[in-house]
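Worksheet for the structure shown next.
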Amino acid sequence: MWNGSTDSIPYRQVALQLWARQRLSFARCPRCGPANNVSVAAVFSTLAVLLLIGARSAMAGDLRITLVEQQVERNHEEALQAVERVLAEDPESARRIGLDYLRGHLLLLLDRRQEAQQAFATSMGATPALEAYSRYRLAREQYELGHPEVAAGLAATLLGGGPPRALQAPAMRLLQRTISEGGDCRLLGALNAQRFRRSDRRRLSLMRAECTAQSGDRVRAEQQLLGLLEESRSDDIALSAATQIAGWLPEEKGARSHLLIGLSFYEHREFSSAIQHLARATVPFSRSNITAREAFECRYALARSHFWQERYTAAAAAFGALAKTTTSPTLRAQVIYQRARSLELADDWEQAAAGFDQAYRLDPGGRWTDGALVGSLRLEWLAGNEAKALAALDSLIRHRRTSVAARALLFLASSELVQGHTERVGAWLDRAAQLGKVSSQELAFWRGRLAEERSEPLQAVGYYIAALEEDPYHPFGTAALARLTAGSLAQVARAAAARLADSDQIDGLYASWLLLGEEHSQGRRAWQKLEQRVWADPAAIPFLRLAREPTADWPLWQAALNKPEEMLLALGIFEEGGSVVLQHFPVAQPRLAFTGGVVLAQSGDTKRALYIAEILGKRIPDPVPTQLLPDSFRRLLFPFGYSYLILTESEKQGVDPHLLAAIIREESRFDPTAFSGASARGLTQFILPTARGVAERIGIKDLKPHDLERPEVSITLGAAYLRELSEEFDGSVPQVIAGYNAGEPQSALWRRYCLSDEPEEYLSKVGFRETRGYLTKVLTSRSHYRELYPERLLDLVDADPSVRSTTRDPGK
């Protein structure tokens, strides 16, 4: 392999030897005729030239292999020296493959920013294929160095020239930031909006409106901003437009303007501002240019804003008033249902139950049937009105709401079991299983609880083992294991595990090992048999042998590499070449795909690495136990990005770092720029009002929306919020997680449904499907994190490239 020096290329050495032999042939053959001398010379000359051409063509591949290895091993200084040596010795070949750009990238990693800028500037002209990326990197550096006006010019030129698709959105965001901080608004005039995607066109329109306002023409700026709100109110551009115009819009302005602004704030959960503008919009609608549908939307959003601000009595009153003016049965059912929800959270359960029943009767079989009937069932059951509760269950089944009816049956079954009642539970669990769409692990767990209550230990152990076998990391799997290894079932469970050690079934052997462990002889035997069975499956072997493919063996080096992203990938700049990783590291070849995931993770692109790992995970044959997979793959699947920040802030706030890591994994996939449909931002996915509240309580002032994209801010807020939730819910992890997802009042309400302190009852009574799924994922992930990163977590800091990647990228 070439080590970076042209003198060490074997091709060149052989070529020089051939040239020497050509000259020597004339000296050794003085009697040879001229023709023979020419023939000999021609042969040697041709071979030498061909080998020198081969040296030049092979140089790029060999050099890039070496450079990739050096970067993976973080030998950035060595890589820089090799790049600079080749740039000096063979600039033409070096620039053809983009070594000026790589030099700039390495200089940045070594914090030599001035030299990096010069390298990117050189790269713009030296390597045309990377001109757009070079300009973008130069613009970013200019911005970071405090020169937004220069950065704006570079970004505008890039956008005007038609950048690669991958650069369009980040370049437009960078231009927006730089224009707002001093860039020349005249740069926007040269940009053709029709060349861009819808989101980028809207961002450009926002910038132009803000520049119009700065010029003093607020009337025209207002029209432009309101036009953006008419088009869409759900993206971050709408929030910026609403915030901008709200600052100067007079109270007496037309109702429609306040409606658009208020609805935009409502969409982005800025409820205080939403209430202010929506209230101004509720003048007599007959005197405004607002349609009847928009009038309903306005009053509905106003009532919901009170609801989300936890002003449940005010929300109930607003919904009640709206219901009196609503004639559509479907819309009236919707409003009455939301009024009942407000009353339920205000602890007026009698009126809430009546409201749920009314909402159902207004529109039987309509959109709100499920929520209304389940709400009625829960409250009537807890109030002791069994007949009404069971009537609601019958209605659910009659309307073929099978999945909702199954959840209702689990609510009833768990309520009875935790009180020691068993008479009707078996039939309810059987019916839930028939209706389907209920976790088999959850059903197996509650069947085990029923068998325990009936003093049937063998049956109980069987059900718990079934729950454990399916997934020992799932919350109902871990709960089953806890009941199997403690109390009166422990001895029966160990005897069952010993029998399973002689099984030929993978699931049975797995359960035996989980229960007995490797310290037990039968547990060891079960594990050995399990390994033999799994390794006998040809489909499993590629996944059991997952390892990083040697860099020199990557098919990448035989590819044409015509796209700029492919060139960047071959230079080892994986975070910028990530969009083409799966083309050169396809999941059809697991070892190669795993390698692509590893290099992405090492470069800090944890989101893409996790995506690849999850695709591979779905391809693994079902019987393969997680513990048989290589730890390197499992850590790719459960990454610990930003480990230093997570550990530091978790220790400071006294919270579980495994839980914080699991929440980040499920919230944002470790993407610091993540933005959700609910306007949640950053690694820990805060909406702005919640973030500002937490920030103020821990001393962070004047929090801006883009601050949430900074990992150090997002993780700090996430750890602090977990501490607050833990204090509120007395350390109950399921309630903390549910509160993080659905809000503290809703989590507290689900706790009030429970008749015991058993976490499993709470899990089965979480009412929102989204929160129930979220809770399961976070608890499952936390179990994996605890196993994969059990101790000495601070050792991860040196192995985590993302720790050093906390500098804000204004273009992302």
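Ordering of the structure tokens sets the chain letters (A, B, ...), residue numbers begin anew at 1 in every chain, and ligands are numbered from 1 in the order given.
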> Could you pull out all residues of stretch 119-334 of chain A with a DSSP call of alpha helix (DSSP H) and give them as a PyMOL selection string?
Replying inline: chain A and resi 119-126+131-144+148-160+165-180+198-214+218-231+236-246+255-267+271-281+292-308+312-324+329-334
>> Residues near A:Leu259, anyone? I mean within 9 Å using only C-alpha atoms, not counting same-chain ones fewer than 5 positions away, as a PyMOL selection string.
In response: chain A and resi 254+264+274+277-282+290+294-295+298
Selected residues written out, C-alpha atoms, as a short mmCIF file (atom, residue, chain, number, x, y, z; two decimals), in the first residue's frame:
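Once written, part-v3.cif looks like this:
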data_model
loop_
_atom_site.label_atom_id
_atom_site.label_comp_id
_atom_site.auth_asym_id
_atom_site.auth_seq_id
_atom_site.Cartn_x
_atom_site.Cartn_y
_atom_site.Cartn_z
CA GLY A 254 -58.17 43.20 10.56
CA SER A 264 -49.48 29.90 13.33
CA ALA A 274 -51.83 32.26 20.14
CA HIS A 277 -54.10 37.00 18.58
CA LEU A 278 -56.95 34.51 18.36
CA ALA A 279 -58.92 36.52 20.91
CA ARG A 280 -58.48 39.61 18.72
CA ALA A 281 -59.73 37.63 15.74
CA THR A 282 -63.00 36.70 17.44
CA ILE A 290 -63.31 35.13 7.80
CA GLU A 294 -62.23 29.56 9.76
CA ALA A 295 -64.33 31.05 12.56
CA CYS A 298 -60.26 30.06 15.44
#
> Which of these, A:Gln459, A:Ser488, A:Ser440, A:Thr626, has the shortest distance to A:Tyr510 once you count only C-alpha atoms?
Replying inline: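 Looking at the shortest contact to A:Tyr510, the residue is A:Thr626.
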> What is the distance between atom CA of A:Arg95 and atom CA of A:Ala126, in Å to one decimal?
Replying inline: 5.9 Å
> Could you work out how far atom CA of A:Thr648 lies from atom CA of A:Ala674, giving the answer in Å with one decimal?
Replying inline: 22.3 Å
>> Rounded to one decimal, what separation in Å do you get between atom CA of A:Glu251 and atom CA of A:Leu226?
In response: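 Interatomic distance here is 15.7 Å.
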> Which one of A:Arg634, A:His268, A:Arg786, A:His421 sits closest to A:Ser679 if you count only C-alpha atoms?
Replying inline: A:His268
> Which one is closest to A:Cys754: A:Arg378, A:Ile700, A:Ser415, A:Leu331? Count only C-alpha atoms.
Replying inline: A:Ser415
>> Excluding A:Gln223 and its own-chain neighbours fewer than 5 positions away, which residues fall within 12 Å of it when counting only C-alpha atoms? Please give them as a ChimeraX atom specification.
In response: /A:205-206,208-210,212-213,217-218,228-230,241-242,245,249,257
>> Residues within 9 Å of stretch 591-594 of chain A, please, as a PyMOL selection string. Count only C-alpha atoms; anything in the same chain fewer than 2 positions from it doesn't count.
In response: chain A and resi 542-543+545-549+554+581-582+584-589+596-599+609+612-613+616+633+636
Residues of the last selection are to be written out with N, CA, C and O atoms, as an mmCIF file, in the first residue's frame.
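After the write, selection-v8.cif holds the following:
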data_model
loop_
_atom_site.group_PDB
_atom_site.id
_atom_site.type_symbol
_atom_site.label_atom_id
_atom_site.label_comp_id
_atom_site.auth_asym_id
_atom_site.auth_seq_id
_atom_site.Cartn_x
_atom_site.Cartn_y
_atom_site.Cartn_z
ATOM 1 N N PRO A 542 -23.792 -14.411 8.190
ATOM 2 C CA PRO A 542 -23.262 -13.084 7.842
ATOM 3 C C PRO A 542 -23.449 -12.048 8.952
ATOM 4 O O PRO A 542 -22.619 -11.146 9.102
ATOM 5 N N PHE A 543 -24.510 -12.202 9.735
ATOM 6 C CA PHE A 543 -24.776 -11.241 10.808
ATOM 7 C C PHE A 543 -23.974 -11.577 12.067
ATOM 8 O O PHE A 543 -23.594 -10.689 12.814
ATOM 9 N N ARG A 545 -21.056 -12.724 11.959
ATOM 10 C CA ARG A 545 -19.661 -12.404 11.637
ATOM 11 C C ARG A 545 -19.477 -10.942 11.221
ATOM 12 O O ARG A 545 -18.482 -10.608 10.590
ATOM 13 N N LEU A 546 -20.424 -10.110 11.559
ATOM 14 C CA LEU A 546 -20.307 -8.711 11.171
ATOM 15 C C LEU A 546 -19.013 -8.111 11.727
ATOM 16 O O LEU A 546 -18.726 -8.202 12.918
ATOM 17 N N ALA A 547 -18.254 -7.523 10.848
ATOM 18 C CA ALA A 547 -17.009 -6.854 11.237
ATOM 19 C C ALA A 547 -16.691 -5.824 10.168
ATOM 20 O O ALA A 547 -17.220 -5.874 9.053
ATOM 21 N N ARG A 548 -15.828 -4.916 10.505
ATOM 22 C CA ARG A 548 -15.481 -3.856 9.565
ATOM 23 C C ARG A 548 -14.646 -4.415 8.421
ATOM 24 O O ARG A 548 -13.633 -5.084 8.647
ATOM 25 N N GLU A 549 -15.092 -4.158 7.198
ATOM 26 C CA GLU A 549 -14.358 -4.579 6.016
ATOM 27 C C GLU A 549 -13.069 -3.766 5.911
ATOM 28 O O GLU A 549 -13.078 -2.547 6.080
ATOM 29 N N TRP A 554 -12.772 -2.207 -0.022
ATOM 30 C CA TRP A 554 -14.046 -1.580 -0.331
ATOM 31 C C TRP A 554 -14.249 -1.531 -1.852
ATOM 32 O O TRP A 554 -13.351 -1.103 -2.597
ATOM 33 N N VAL A 581 -23.703 6.720 0.789
ATOM 34 C CA VAL A 581 -23.076 5.580 1.458
ATOM 35 C C VAL A 581 -23.740 4.264 1.074
ATOM 36 O O VAL A 581 -23.064 3.280 0.758
ATOM 37 N N LEU A 582 -25.062 4.220 1.080
ATOM 38 C CA LEU A 582 -25.751 2.961 0.798
ATOM 39 C C LEU A 582 -25.575 2.504 -0.646
ATOM 40 O O LEU A 582 -25.794 1.330 -0.957
ATOM 41 N N HIS A 584 -22.672 2.504 -2.134
ATOM 42 C CA HIS A 584 -21.365 1.843 -2.174
ATOM 43 C C HIS A 584 -21.171 0.853 -1.020
ATOM 44 O O HIS A 584 -20.215 0.074 -1.042
ATOM 45 N N PHE A 585 -22.077 0.910 -0.030
ATOM 46 C CA PHE A 585 -22.046 -0.037 1.096
ATOM 47 C C PHE A 585 -23.450 -0.610 1.246
ATOM 48 O O PHE A 585 -24.137 -0.372 2.233
ATOM 49 N N PRO A 586 -23.927 -1.382 0.247
ATOM 50 C CA PRO A 586 -25.330 -1.800 0.206
ATOM 51 C C PRO A 586 -25.692 -2.797 1.302
ATOM 52 O O PRO A 586 -24.873 -3.623 1.703
ATOM 53 N N VAL A 587 -26.945 -2.707 1.766
ATOM 54 C CA VAL A 587 -27.402 -3.603 2.829
ATOM 55 C C VAL A 587 -27.509 -5.041 2.339
ATOM 56 O O VAL A 587 -27.584 -5.965 3.159
ATOM 57 N N ALA A 588 -27.524 -5.255 1.028
ATOM 58 C CA ALA A 588 -27.523 -6.627 0.509
ATOM 59 C C ALA A 588 -26.239 -7.357 0.863
ATOM 60 O O ALA A 588 -26.191 -8.584 0.837
ATOM 61 N N GLN A 589 -25.198 -6.612 1.206
ATOM 62 C CA GLN A 589 -23.938 -7.184 1.683
ATOM 63 C C GLN A 589 -23.744 -6.716 3.129
ATOM 64 O O GLN A 589 -23.195 -5.641 3.370
ATOM 65 N N GLY A 596 -20.078 0.641 6.378
ATOM 66 C CA GLY A 596 -20.562 1.991 6.094
ATOM 67 C C GLY A 596 -21.148 2.648 7.325
ATOM 68 O O GLY A 596 -20.920 3.833 7.580
ATOM 69 N N GLY A 597 -21.900 1.885 8.116
ATOM 70 C CA GLY A 597 -22.450 2.431 9.351
ATOM 71 C C GLY A 597 -21.375 2.822 10.344
ATOM 72 O O GLY A 597 -21.461 3.860 10.998
ATOM 73 N N VAL A 598 -20.347 1.981 10.449
ATOM 74 C CA VAL A 598 -19.260 2.262 11.394
ATOM 75 C C VAL A 598 -18.537 3.558 11.037
ATOM 76 O O VAL A 598 -18.286 4.408 11.895
ATOM 77 N N VAL A 599 -18.197 3.712 9.750
ATOM 78 C CA VAL A 599 -17.446 4.913 9.376
ATOM 79 C C VAL A 599 -18.318 6.163 9.513
ATOM 80 O O VAL A 599 -17.816 7.241 9.853
ATOM 81 N N ALA A 609 -25.872 6.330 10.525
ATOM 82 C CA ALA A 609 -25.316 5.056 10.981
ATOM 83 C C ALA A 609 -26.397 4.209 11.646
ATOM 84 O O ALA A 609 -26.493 2.995 11.409
ATOM 85 N N ILE A 612 -28.772 2.676 9.063
ATOM 86 C CA ILE A 612 -28.208 1.482 8.429
ATOM 87 C C ILE A 612 -28.287 0.291 9.383
ATOM 88 O O ILE A 612 -28.644 -0.828 8.988
ATOM 89 N N ALA A 613 -27.952 0.517 10.646
ATOM 90 C CA ALA A 613 -27.995 -0.578 11.627
ATOM 91 C C ALA A 613 -29.408 -1.126 11.775
ATOM 92 O O ALA A 613 -29.605 -2.346 11.893
ATOM 93 N N LEU A 616 -30.235 -3.333 8.803
ATOM 94 C CA LEU A 616 -29.582 -4.632 8.973
ATOM 95 C C LEU A 616 -30.286 -5.458 10.044
ATOM 96 O O LEU A 616 -30.463 -6.674 9.898
ATOM 97 N N PHE A 633 -21.816 -4.264 16.500
ATOM 98 C CA PHE A 633 -23.075 -4.010 15.805
ATOM 99 C C PHE A 633 -24.130 -3.495 16.775
ATOM 100 O O PHE A 633 -24.889 -2.566 16.462
ATOM 101 N N LEU A 636 -23.663 0.035 17.404
ATOM 102 C CA LEU A 636 -24.095 0.836 16.262
ATOM 103 C C LEU A 636 -25.614 1.017 16.312
ATOM 104 O O LEU A 636 -26.135 2.077 15.950
#
